[in-house]
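Notes to accompany the following structure.
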Amino acid sequence: MKPDLGRLLEGVAARIIAQAEELTALDSAIGDADHGLNMKRGFEAVLADKANILAKPLPEALKAIGMTLVMKVGGASGPLYGTLFLTLGKELPEDPTLADLARALTAAVEAIKARGKADFDNKTMLDVLGPVARHLGDGTATFASVRALAHQRAEATVPMKAIKGRASFLGERSIGHMDPGARSSELMITTLCDELEA
Ligand code: ADP
Ligand code: MG
Ligand code: MG
């Protein structure tokens, strides 16, 4: 893999910003209607810092993205997505293989779990990120299968009852709605696949 980080960054940021209203609408059903706004603010800040980020080797660039997301996204998702990128930065070598990516994403999922005191099936971003990390390591992953899994796992949060985050305040009433963070994770992963495949 020799990814063009600038293109990946622009692709993911553009997708999150384009879908901000959808993410906020999902959060208005089971949260406080700000997930799209939070993510848009974070990725606009990442884009504004792009030249600085791209001047760094991959691990340092990922850490810089993580720090910006922690500072700018806010809410519950800011520190958690920050942890995702900071851990990827800590775990990935400068020129990663697919095996490196699988291992680093697995470490990031564990770090998010620890940070948010959450587990799988709690109706969060972990329900997309965890299965994708496992699939990347199972030796059968293709761009199409990763995209399909991310989509399927985001959809799978619809019937779940939220155990963590604001949606958990709704108890049973959180059932029947997609988790906004699961959807934003799906968007990031599918866009990464699109860009890497292009
Ligand atoms: P807030 O809930 O503070 O307004 P956001 O709306 O930006 O923050 O993000 C909400 C998303 O964060 C949820 O949809 C969920 O995916 C994720 N989330 C919230 N709490 C946790 C947690 N403890 N562990 C993992 N993910 C979480
Ligand atoms: Mg919210
Ligand atoms: Mg909020």
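Letters A, B, ... go to the chains of the structure tokens in the order shown; residues in each chain start at 1; ligands are counted from 1 in the same order.
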
Practice task
Could you give me, as a PyMOL selection string, each residue of stretch 45-157 of chain A that DSSP assigns to alpha helix (DSSP H) when run on this structure's backbone?
Solution key: chain A and resi 45-48+50-54+58-73+77-91+98-116+126-136+143-155

Give one line per residue of stretch 103-173 of chain A that approaches stretch 182-193 of chain A to at most 7 Å, naming the two atoms of the closest pair and their distance in Å to one decimal, counting only C-alpha atoms; sort by chain then ascending residue number and deliver it as CSV.
residue,atom,partner,partner_atom,distance
A:Thr124,CA,A:Ala182,CA,5.6
A:Met125,CA,A:Ala182,CA,4.0
A:Asp127,CA,A:Ala182,CA,6.6
A:Val128,CA,A:Ala182,CA,5.7
A:Leu129,CA,A:Ser185,CA,6.8
A:Phe143,CA,A:Cys193,CA,5.5
A:Arg147,CA,A:Thr190,CA,5.0
A:Ala150,CA,A:Glu186,CA,5.1
A:His151,CA,A:Glu186,CA,6.0
A:Ala154,CA,A:Ala182,CA,5.1

Between chain A and ligand 2, at 6 Å or less, what are the per-residue closest atom pairs and their distances in Å? Count only C-alpha atoms and all ligand atoms, order by chain and rising residue number, and return it as CSV.
residue,atom,partner,partner_atom_place_in_ligand_line,distance
A:Asp27,CA,ligand 2,1 (Mg),5.6
A:Gly31,CA,ligand 2,1 (Mg),5.1
A:Asp32,CA,ligand 2,1 (Mg),4.5
A:Ala33,CA,ligand 2,1 (Mg),5.4
A:Asp34,CA,ligand 2,1 (Mg),4.5
A:His35,CA,ligand 2,1 (Mg),4.6

Handout entry: Near-ligand residues for ligand 1, threshold 10 Å, only C-alpha atoms and all ligand atoms, as number ranges by chain
Key = A: 23-24, 26-28, 30-39, 73-81, 109, 112-120, 122-128, 154, 157, 162-168, 178-185

Practice task
Do a neighbour search on A:Glu44 at 9 Å with only C-alpha atoms, toss out local chain neighbours closer than 5 positions, and write the hits as an NGL selection string.
Solution key: :A and (13-14 or 17 or 39 or 49)

Once you have the residues from the selection above, write them out as a short mmCIF file (atom, residue, chain, number, x, y, z; two decimals), in the first residue's frame, restricted to N, CA and C atoms.
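Saved to part-v4.cif:
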data_model
loop_
_atom_site.label_atom_id
_atom_site.label_comp_id
_atom_site.auth_asym_id
_atom_site.auth_seq_id
_atom_site.Cartn_x
_atom_site.Cartn_y
_atom_site.Cartn_z
N ALA A 13 -12.72 13.89 4.67
CA ALA A 13 -13.27 15.16 5.18
C ALA A 13 -14.45 15.61 4.33
N ALA A 14 -14.31 15.53 3.02
CA ALA A 14 -15.39 15.98 2.13
C ALA A 14 -16.65 15.15 2.35
N ILE A 17 -18.25 16.08 5.74
CA ILE A 17 -18.85 17.41 5.66
C ILE A 17 -20.12 17.35 4.81
N MET A 39 -18.69 16.79 13.81
CA MET A 39 -17.75 16.16 12.89
C MET A 39 -17.33 17.12 11.78
N ASP A 49 -5.62 22.54 8.53
CA ASP A 49 -4.27 22.22 9.01
C ASP A 49 -3.55 21.26 8.05
#

Handout entry: Separation of atom CA of A:Thr106 from atom CA of A:Ile53 in Å
Key =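 Computed distance, atom CA of A:Ile53 to atom CA of A:Thr106, equals 23.6 Å.
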
Handout entry: Shell of 9 Å around A:Leu136, only C-alpha atoms, local chain residues under 4 positions omitted, as a list in words
Key = Leu98, Ala99, Leu101, Ala102, Arg103, Leu105, Pro131, Val132, Thr140, Ala141, Thr142 and Val146 of chain A
